[in-house]
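Presented below is the structure to which this report refers.
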Amino acid sequence: MGKQRVLILGATGQTGESIFNALLKDTESFDVEALVRPASAEKPEVKNLTALGVKVHVVDISGPMDELVRVLTGVDVLISAVDPSGQQAQLQLVTAAKQAGVKRFVPSAFITVAPPRGVMALRDGKEELYQEIWKQSVPYTIIDVGYWYQLSFPTLPSGRVDYAAAIKPKTEIHAGGTAPTMLTDLRDIGRFVALIIKDPRTLNKYVAAYGHVSSENEIFALMEEMSGEKIERKHLSPDEMEKMRVEAAATVKAEPNNWMAWGKIAIAEYEYSKYVRGDNTPEYAKYLGYLDARELYPEFQPMSFKAFVAELLEGKGEMPYKRYRSGS
Ligand SMILES: NC(=O)c1ccc[n+]([C@@H]2O[C@H](COP(=O)([O-])OP(=O)(O)OC[C@H]3O[C@@H](n4cnc5c(N)ncnc54)[C@H](OP(=O)(O)O)[C@@H]3O)[C@@H](O)[C@H]2O)c1
């Protein structure tokens, strides 16, 4: 396969940055470009892309179709890593990708493995886009990645890892903590994507990519062993988990713009799917028809969860979504 021209939407986000960094390194395989919305054109993150010599297209993906088709013409692979707020806006991209003859569309999936419909609203929103892709016969690859390492560690009584924790304190064990779940270092997502989009076996397929499989009990035990600290666990039963979801849903009903409550619903649904239903495993992914990236690429060395924890304890971790916290 020759060099592929890849256009990334969402390159300034967490997942998009991981993908952008990995593809940019592989200069033999990829010419990388970025698609940015007009409102963000002057952001420092976008200026950083331009400074790297990357071609940045400033286009509104909900805007005129002919402009979108123009930008997508000649693109081999279109990758979207938008967050759920941009989910709906991607629908037009399917039509534009079809008209422009894009050879592979990688829509913004990148979540845990769960069945479509009725388990996670987040997953259901993505399903709408997948249906549109299939309706228009656009070549695609859907990549799910388990849960980020960066969101999966408990906090410690000393406060030593709080600097990198998006939620603190985080000491909950769900439904007994025994369910195994797929986890991936955020930085490895791009490395997986680089392999997957070069691979003809993954065309028109779902792929599950993950670095590690662990239960909450195993993660807590590892954190305790490596830190020498004892974590006081807060046990949550499935009923208590459901009660929290219902309360957040009631808040959203009363205050539709309460984004904190929306976030709580999303987290509650992730947790129910991972820890009560036990959806996010390599076995269940296969049952749903996913290819397993670890089997496709046996030579791939993911960041181990242990090495991630070691970094964290050395103060070398990084809190996700720092740019939102700094107000950029
Ligand atoms: N597996 C996990 O543990 C996990 C955790 C979190 C998220 N996710 C998933 O990962 C995916 C990406 O989420 P993220 O949290 O990485 O994203 P993020 O950091 O919030 O970044 C979102 C990116 O999308 C861009 N964007 C959003 N709407 C857009 C629009 N209408 N037009 C153009 N650009 C737009 C943003 O650009 P601007 O600079 O213009 O805002 C930004 O670059 C989502 O599918 C999410 O569900 C998975």
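Convention: chains lettered A, B, ... in structure tokens order; per-chain residue numbering from 1; ligands numbered from 1 as shown.
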
*Nearby residues, ligand 1, 7 Å, only C-alpha atoms and all ligand atoms, as a count of residues only*: 34

*Which residues, written as an MDAnalysis selection string, have at least one atom at most 6 Å from Asp76 (chain A), with only C-alpha atoms counted and residues fewer than 4 positions away on the same chain left out?*
chainID A and resid 4:6 102:103

Enumerate, in order of chain and increasing residue number, the residues of region 227-315 of chain A with an atom no farther than 12 Å from region 172-178 of chain A, each with its shortest atom pair and distance in Å to one decimal, counting only C-alpha atoms, as a Markdown table.
| residue | atom | partner | partner_atom | distance |
| --- | --- | --- | --- | --- |
| A:Ile231 | CA | A:Glu172 | CA | 10.0 |
| A:Glu232 | CA | A:Glu172 | CA | 9.0 |
| A:Arg233 | CA | A:Glu172 | CA | 5.9 |
| A:Lys234 | CA | A:Glu172 | CA | 4.6 |
| A:His235 | CA | A:Ile173 | CA | 4.9 |
| A:Leu236 | CA | A:His174 | CA | 5.0 |
| A:Ser237 | CA | A:Ala175 | CA | 4.9 |
| A:Pro238 | CA | A:Ala175 | CA | 5.5 |
| A:Asp239 | CA | A:Ala175 | CA | 9.0 |
| A:Glu240 | CA | A:Ala175 | CA | 9.3 |
| A:Met241 | CA | A:His174 | CA | 7.8 |
| A:Glu242 | CA | A:Ala175 | CA | 11.0 |
| A:Ala268 | CA | A:His174 | CA | 10.4 |
| A:Tyr270 | CA | A:His174 | CA | 11.3 |
| A:Glu271 | CA | A:His174 | CA | 7.5 |
| A:Tyr272 | CA | A:His174 | CA | 8.4 |
| A:Ser273 | CA | A:His174 | CA | 10.9 |
| A:Lys274 | CA | A:His174 | CA | 9.3 |
| A:Tyr275 | CA | A:His174 | CA | 6.2 |
| A:Val276 | CA | A:Ala175 | CA | 6.2 |
| A:Arg277 | CA | A:Ala175 | CA | 9.9 |
| A:Gly278 | CA | A:Thr178 | CA | 9.5 |

*Please identify all polymer residues within 12 Å of Ala34 (chain A), counting only C-alpha atoms, omitting same-chain residues fewer than 5 positions from it, and present them as a PyMOL selection string.*
chain A and resi 5-13+16-17+19-21+23-24+41+45-50+52-59+71-72+75+77-81

Those same residues - N, CA and C atoms - I'd like them written as an mmCIF file, in the first residue's frame.
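Everything below was put into part-v8.cif:
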data_model
loop_
_atom_site.group_PDB
_atom_site.id
_atom_site.type_symbol
_atom_site.label_atom_id
_atom_site.label_comp_id
_atom_site.auth_asym_id
_atom_site.auth_seq_id
_atom_site.Cartn_x
_atom_site.Cartn_y
_atom_site.Cartn_z
ATOM 1 N N ARG A 5 -3.374 9.451 2.442
ATOM 2 C CA ARG A 5 -3.687 10.816 2.882
ATOM 3 C C ARG A 5 -4.802 10.710 3.920
ATOM 4 N N VAL A 6 -4.488 11.133 5.145
ATOM 5 C CA VAL A 6 -5.433 10.961 6.262
ATOM 6 C C VAL A 6 -5.871 12.321 6.785
ATOM 7 N N LEU A 7 -7.176 12.495 6.911
ATOM 8 C CA LEU A 7 -7.717 13.740 7.469
ATOM 9 C C LEU A 7 -8.325 13.440 8.832
ATOM 10 N N ILE A 8 -7.868 14.184 9.856
ATOM 11 C CA ILE A 8 -8.356 13.949 11.223
ATOM 12 C C ILE A 8 -9.248 15.098 11.670
ATOM 13 N N LEU A 9 -10.437 14.737 12.130
ATOM 14 C CA LEU A 9 -11.353 15.708 12.724
ATOM 15 C C LEU A 9 -11.303 15.505 14.239
ATOM 16 N N GLY A 10 -10.993 16.571 14.975
ATOM 17 C CA GLY A 10 -10.887 16.436 16.432
ATOM 18 C C GLY A 10 -9.442 16.224 16.882
ATOM 19 N N ALA A 11 -8.483 16.633 16.035
ATOM 20 C CA ALA A 11 -7.061 16.393 16.342
ATOM 21 C C ALA A 11 -6.597 17.131 17.594
ATOM 22 N N THR A 12 -7.375 18.114 18.049
ATOM 23 C CA THR A 12 -6.950 18.849 19.249
ATOM 24 C C THR A 12 -7.552 18.253 20.520
ATOM 25 N N GLY A 13 -8.345 17.192 20.375
ATOM 26 C CA GLY A 13 -8.941 16.547 21.556
ATOM 27 C C GLY A 13 -8.030 15.452 22.095
ATOM 28 N N GLY A 16 -8.140 12.380 19.604
ATOM 29 C CA GLY A 16 -7.624 12.866 18.317
ATOM 30 C C GLY A 16 -6.135 13.174 18.386
ATOM 31 N N GLU A 17 -5.682 13.717 19.509
ATOM 32 C CA GLU A 17 -4.260 14.053 19.647
ATOM 33 C C GLU A 17 -3.406 12.785 19.645
ATOM 34 N N ILE A 19 -4.140 10.013 18.176
ATOM 35 C CA ILE A 19 -4.119 9.510 16.792
ATOM 36 C C ILE A 19 -3.190 10.376 15.933
ATOM 37 N N PHE A 20 -3.333 11.669 16.089
ATOM 38 C CA PHE A 20 -2.523 12.619 15.318
ATOM 39 C C PHE A 20 -1.023 12.361 15.557
ATOM 40 N N ASN A 21 -0.643 12.244 16.825
ATOM 41 C CA ASN A 21 0.782 12.050 17.152
ATOM 42 C C ASN A 21 1.331 10.765 16.531
ATOM 43 N N LEU A 23 0.176 9.020 13.900
ATOM 44 C CA LEU A 23 0.217 9.023 12.433
ATOM 45 C C LEU A 23 1.306 9.967 11.919
ATOM 46 N N LEU A 24 1.489 11.062 12.642
ATOM 47 C CA LEU A 24 2.501 12.032 12.200
ATOM 48 C C LEU A 24 3.905 11.416 12.245
ATOM 49 N N ALA A 41 -10.491 28.038 14.976
ATOM 50 C CA ALA A 41 -9.331 28.263 14.096
ATOM 51 C C ALA A 41 -8.191 29.021 14.785
ATOM 52 N N GLU A 45 -4.087 25.400 20.274
ATOM 53 C CA GLU A 45 -3.890 23.989 19.873
ATOM 54 C C GLU A 45 -3.873 23.862 18.350
ATOM 55 N N VAL A 46 -4.695 24.699 17.691
ATOM 56 C CA VAL A 46 -4.753 24.639 16.215
ATOM 57 C C VAL A 46 -3.485 25.278 15.640
ATOM 58 N N LYS A 47 -3.043 26.358 16.260
ATOM 59 C CA LYS A 47 -1.793 27.004 15.818
ATOM 60 C C LYS A 47 -0.629 26.016 15.941
ATOM 61 N N ASN A 48 -0.684 25.181 16.993
ATOM 62 C CA ASN A 48 0.388 24.178 17.162
ATOM 63 C C ASN A 48 0.413 23.197 15.997
ATOM 64 N N LEU A 49 -0.765 22.831 15.490
ATOM 65 C CA LEU A 49 -0.813 21.902 14.351
ATOM 66 C C LEU A 49 -0.156 22.550 13.135
ATOM 67 N N THR A 50 -0.508 23.808 12.899
ATOM 68 C CA THR A 50 0.045 24.522 11.744
ATOM 69 C C THR A 50 1.564 24.649 11.887
ATOM 70 N N LEU A 52 3.521 22.643 13.121
ATOM 71 C CA LEU A 52 4.176 21.364 12.802
ATOM 72 C C LEU A 52 4.217 21.124 11.293
ATOM 73 N N GLY A 53 3.669 22.066 10.540
ATOM 74 C CA GLY A 53 3.681 21.932 9.088
ATOM 75 C C GLY A 53 2.496 21.144 8.559
ATOM 76 N N VAL A 54 1.501 20.939 9.416
ATOM 77 C CA VAL A 54 0.335 20.151 9.014
ATOM 78 C C VAL A 54 -0.689 21.057 8.336
ATOM 79 N N LYS A 55 -1.266 20.568 7.238
ATOM 80 C CA LYS A 55 -2.288 21.348 6.546
ATOM 81 C C LYS A 55 -3.576 21.306 7.368
ATOM 82 N N VAL A 56 -4.092 22.484 7.707
ATOM 83 C CA VAL A 56 -5.312 22.561 8.515
ATOM 84 C C VAL A 56 -6.435 23.141 7.646
ATOM 85 N N HIS A 57 -7.526 22.393 7.518
ATOM 86 C CA HIS A 57 -8.694 22.858 6.766
ATOM 87 C C HIS A 57 -9.697 23.415 7.759
ATOM 88 N N VAL A 58 -10.068 24.662 7.600
ATOM 89 C CA VAL A 58 -11.042 25.264 8.512
ATOM 90 C C VAL A 58 -12.415 25.194 7.837
ATOM 91 N N VAL A 59 -13.244 24.278 8.326
ATOM 92 C CA VAL A 59 -14.542 24.019 7.687
ATOM 93 C C VAL A 59 -15.577 23.691 8.764
ATOM 94 N N VAL A 71 -13.121 19.419 0.388
ATOM 95 C CA VAL A 71 -12.037 19.119 1.340
ATOM 96 C C VAL A 71 -11.755 17.615 1.402
ATOM 97 N N LEU A 72 -12.798 16.806 1.246
ATOM 98 C CA LEU A 72 -12.614 15.353 1.383
ATOM 99 C C LEU A 72 -12.139 14.678 0.090
ATOM 100 N N VAL A 75 -8.957 12.380 -0.166
ATOM 101 C CA VAL A 75 -8.602 11.838 1.155
ATOM 102 C C VAL A 75 -8.810 10.319 1.139
ATOM 103 N N VAL A 77 -8.297 8.277 4.058
ATOM 104 C CA VAL A 77 -8.907 7.872 5.328
ATOM 105 C C VAL A 77 -9.363 9.120 6.082
ATOM 106 N N LEU A 78 -10.652 9.130 6.447
ATOM 107 C CA LEU A 78 -11.183 10.216 7.273
ATOM 108 C C LEU A 78 -11.397 9.656 8.670
ATOM 109 N N ILE A 79 -10.745 10.285 9.666
ATOM 110 C CA ILE A 79 -10.893 9.820 11.055
ATOM 111 C C ILE A 79 -11.577 10.916 11.857
ATOM 112 N N SER A 80 -12.645 10.553 12.530
ATOM 113 C CA SER A 80 -13.300 11.524 13.411
ATOM 114 C C SER A 80 -13.077 11.118 14.859
ATOM 115 N N ALA A 81 -12.633 12.082 15.649
ATOM 116 C CA ALA A 81 -12.465 11.839 17.095
ATOM 117 C C ALA A 81 -13.172 12.949 17.853
#

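For the atom pair formed by CA of Ala307 (chain A) and CA of Ser158 (chain A), the distance is 20.4 Å, given to one decimal.
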
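Residues with any atom within 8 Å of Ala100 (chain A), counting only C-alpha atoms and excluding same-chain neighbours fewer than 6 positions away, are Val69, Arg70, Leu72, Thr73 and Gly74 of chain A.
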
Please write the residues from the selection above to a file, keeping C-alpha atoms, as a PDB file, in the first residue's frame.
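Below you can see part20.pdb, which holds the result:
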ATOM      1  CA  VAL A  69     -16.867  17.362  -0.533  1.00  0.00           C
ATOM      2  CA  ARG A  70     -14.102  19.618  -1.830  1.00  0.00           C
ATOM      3  CA  LEU A  72     -12.614  15.353   1.383  1.00  0.00           C
ATOM      4  CA  THR A  73     -11.797  14.784  -2.280  1.00  0.00           C
ATOM      5  CA  GLY A  74      -8.519  12.865  -2.517  1.00  0.00           C
TER       6      GLY A  74
END

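Nearest residue to Ile267 (chain A) among A:Arg117, A:Arg201, A:Arg245, A:Lys286 is A:Arg245, counting only C-alpha atoms.
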
*From the DSSP assignment of the backbone, select every residue of region 133-253 of chain A that is helix (DSSP H, G or I), and format the answer as a ChimeraX atom specification.*
/A:133-135,149-151,162-164,175-177,186-196,200-202,216-227,238-253
